[in-house]
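Here the structure comes first, spelled out in structure tokens, and everything after it is commentary.
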Amino acid sequence: MTQLTALADRAAAGQPVAVAVSGPPGAGKTTLALHTVRELADRFPDGQLMLDLRGTDDDPPGPAELILRVLKALGVADRDLAKAGPQGHPELYRQVLAERRCLLVLDNARDEAQVRRLLPSAGAGLVVITSRWMLTGLESIHRVRLGELSPAEAATFLTTLVGQKRADADPVALAEVAHRCAHLPLALRVAGNWLATRTGWTVRRLADRLSLEERRLDTLTAGDLHLSAAFDLSYRQLTPTAAACSACWPWSTAPTSAPPAPPS
């Protein structure tokens, strides 16, 4: 967050800034983006927009559709959109962003082609792109790579969800739960919520349940948070060679049948 705050200050001074936040499913990319919007909103008084680019869908929206959505969200009149026409929307988009101090979050990007035309060329704006891929083809952008938490950070995260008393009762089991969640924020949150809603469970009971690798993803489900769905979607984007290597991940990522909707 410190890095994003510094970049926001640079953008607010009149230099457009784009930053790509990448990481595996469950690393907290969308959570960081939402936190960025909340914390930095006052620096961008002309608007804060967040678009779900649905990058893991079979048919995600293209640049033209996304540009039009931004223009409408920023209040550009229909008559101006009609006057510019579809071919003129990219230029109108650049002009609007150059004149306004806006924070734009492009969440869950599929690839460089989907977002390249949405990067501002002038103005005092900040664009934050989140993606499961590093988008190395984008030039002149800053990069933030998210991964797992440290063991100590993961234990602290879990403790805030399950309570100090339960965490202190079996710190070894707490560390095992964190390890079996690969120290990833989404998995930790699901595990913590699981325990928080099952007050009769000990941390050891969940740790033992998570020790069964073939059931681990099914266990890490709480309400509408389905960790398996996030990995199913990523698996389907892999090349055959990469998919064959997915057993190296802490969980099996082979897709299940009819996965539920993925977490944001």
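Within each chain, counting starts at residue 1; across the structure tokens, chains are named A, B, ... in the order shown, with ligands numbered 1 upward in that order.
Within the 6 Å cut-off around segment 107-119 of chain A, using only C-alpha atoms and omitting residues fewer than 2 positions from it on the same chain, the listed residues are A:Leu51, A:Asp52, A:Leu53, A:Arg54, A:Gly55, A:Gly62, A:Pro63, A:Val105, A:Ile129, A:Thr130, A:Ser131, A:Leu135.
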Quiz prompt | Leu7 of chain A surroundings by only C-alpha atoms, 12 Å radius, close-in-sequence under 2 positions cut, as an MDAnalysis selection string | solution = chainID A and resid 1:5 9:20 36 40 43 103 124:128 141:144
How would the residues just chosen look if you wrote them out with C-alpha atoms as an mmCIF file, in the first residue's frame?
data_model
loop_
_atom_site.group_PDB
_atom_site.id
_atom_site.type_symbol
_atom_site.label_atom_id
_atom_site.label_comp_id
_atom_site.auth_asym_id
_atom_site.auth_seq_id
_atom_site.Cartn_x
_atom_site.Cartn_y
_atom_site.Cartn_z
ATOM 1 C CA MET A 1 0.000 0.000 0.000
ATOM 2 C CA THR A 2 2.922 2.322 0.671
ATOM 3 C CA GLN A 3 4.088 1.978 -2.928
ATOM 4 C CA LEU A 4 0.604 2.692 -4.284
ATOM 5 C CA THR A 5 0.288 5.763 -2.071
ATOM 6 C CA ASP A 9 0.975 11.300 -5.036
ATOM 7 C CA ARG A 10 2.909 11.354 -8.303
ATOM 8 C CA ALA A 11 -0.314 11.062 -10.288
ATOM 9 C CA ALA A 12 -2.012 13.793 -8.279
ATOM 10 C CA ALA A 13 0.876 16.078 -9.189
ATOM 11 C CA GLY A 14 -0.073 15.853 -12.858
ATOM 12 C CA GLN A 15 1.715 12.786 -14.166
ATOM 13 C CA PRO A 16 -0.503 9.845 -15.240
ATOM 14 C CA VAL A 17 0.527 6.609 -13.558
ATOM 15 C CA ALA A 18 -0.391 2.998 -14.270
ATOM 16 C CA VAL A 19 0.451 0.123 -11.956
ATOM 17 C CA ALA A 20 -0.097 -3.600 -12.519
ATOM 18 C CA THR A 36 -6.612 1.608 -2.558
ATOM 19 C CA LEU A 40 -6.826 7.354 -1.890
ATOM 20 C CA ARG A 43 -6.656 12.483 -4.097
ATOM 21 C CA LEU A 103 -8.680 6.710 -10.064
ATOM 22 C CA ALA A 124 -3.454 13.507 -13.113
ATOM 23 C CA GLY A 125 -4.931 10.033 -13.020
ATOM 24 C CA LEU A 126 -4.011 6.668 -11.550
ATOM 25 C CA VAL A 127 -4.878 3.336 -13.172
ATOM 26 C CA VAL A 128 -4.528 0.158 -11.114
ATOM 27 C CA ILE A 141 3.958 0.883 -15.959
ATOM 28 C CA HIS A 142 4.877 0.129 -12.383
ATOM 29 C CA ARG A 143 4.515 -3.395 -11.036
ATOM 30 C CA VAL A 144 3.496 -4.871 -7.708
#
Exercise. Could you tell me, as number ranges by chain, which residues of segment 18-146 of chain A DSSP assigns to strand (DSSP E or B) when given the backbone?
Key: A: 18-22, 48-52, 103-107, 126-131, 142-145
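Proximity to Arg100 of chain A was assessed for A:Glu65, A:Asp46, A:Asp58, A:Asp78 counting only C-alpha atoms; the smallest distance is recorded for A:Asp46.
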Practice problem: Would you work out the distance separating atom CA of Gly123 of chain A from atom CA of Glu99 of chain A, expressed in Å to one decimal? | Solution: 6.1 Å
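Going from atom CA of Leu49 of chain A over to atom CA of Gly26 of chain A, you cover 22.3 Å.
Relative to atom CA of Glu91 of chain A, atom CA of Arg79 of chain A is found at 15.6 Å.
Look at segment 174-189 of chain A: the protein and nucleic acid residues within 7 Å of it, using only C-alpha atoms and passing over chain neighbours fewer than 3 places away, are Gly26, Ala27, Gly28, Glu148, Leu149, Ser150, Pro151, Ala154, Ala155, Leu158, Ala167, Asp170, Pro171, Gly192, Asn193, Val203, Ala207, Leu210, Leu220, Leu227 and Pro250 of chain A.
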Practice problem: For each of A:Thr30, A:Pro120, A:Gln87, A:Asp168, take the minimum atom-to-atom distance to Ser140 of chain A, counting only C-alpha atoms, then give the residue where this is smallest. | Solution: A:Pro120
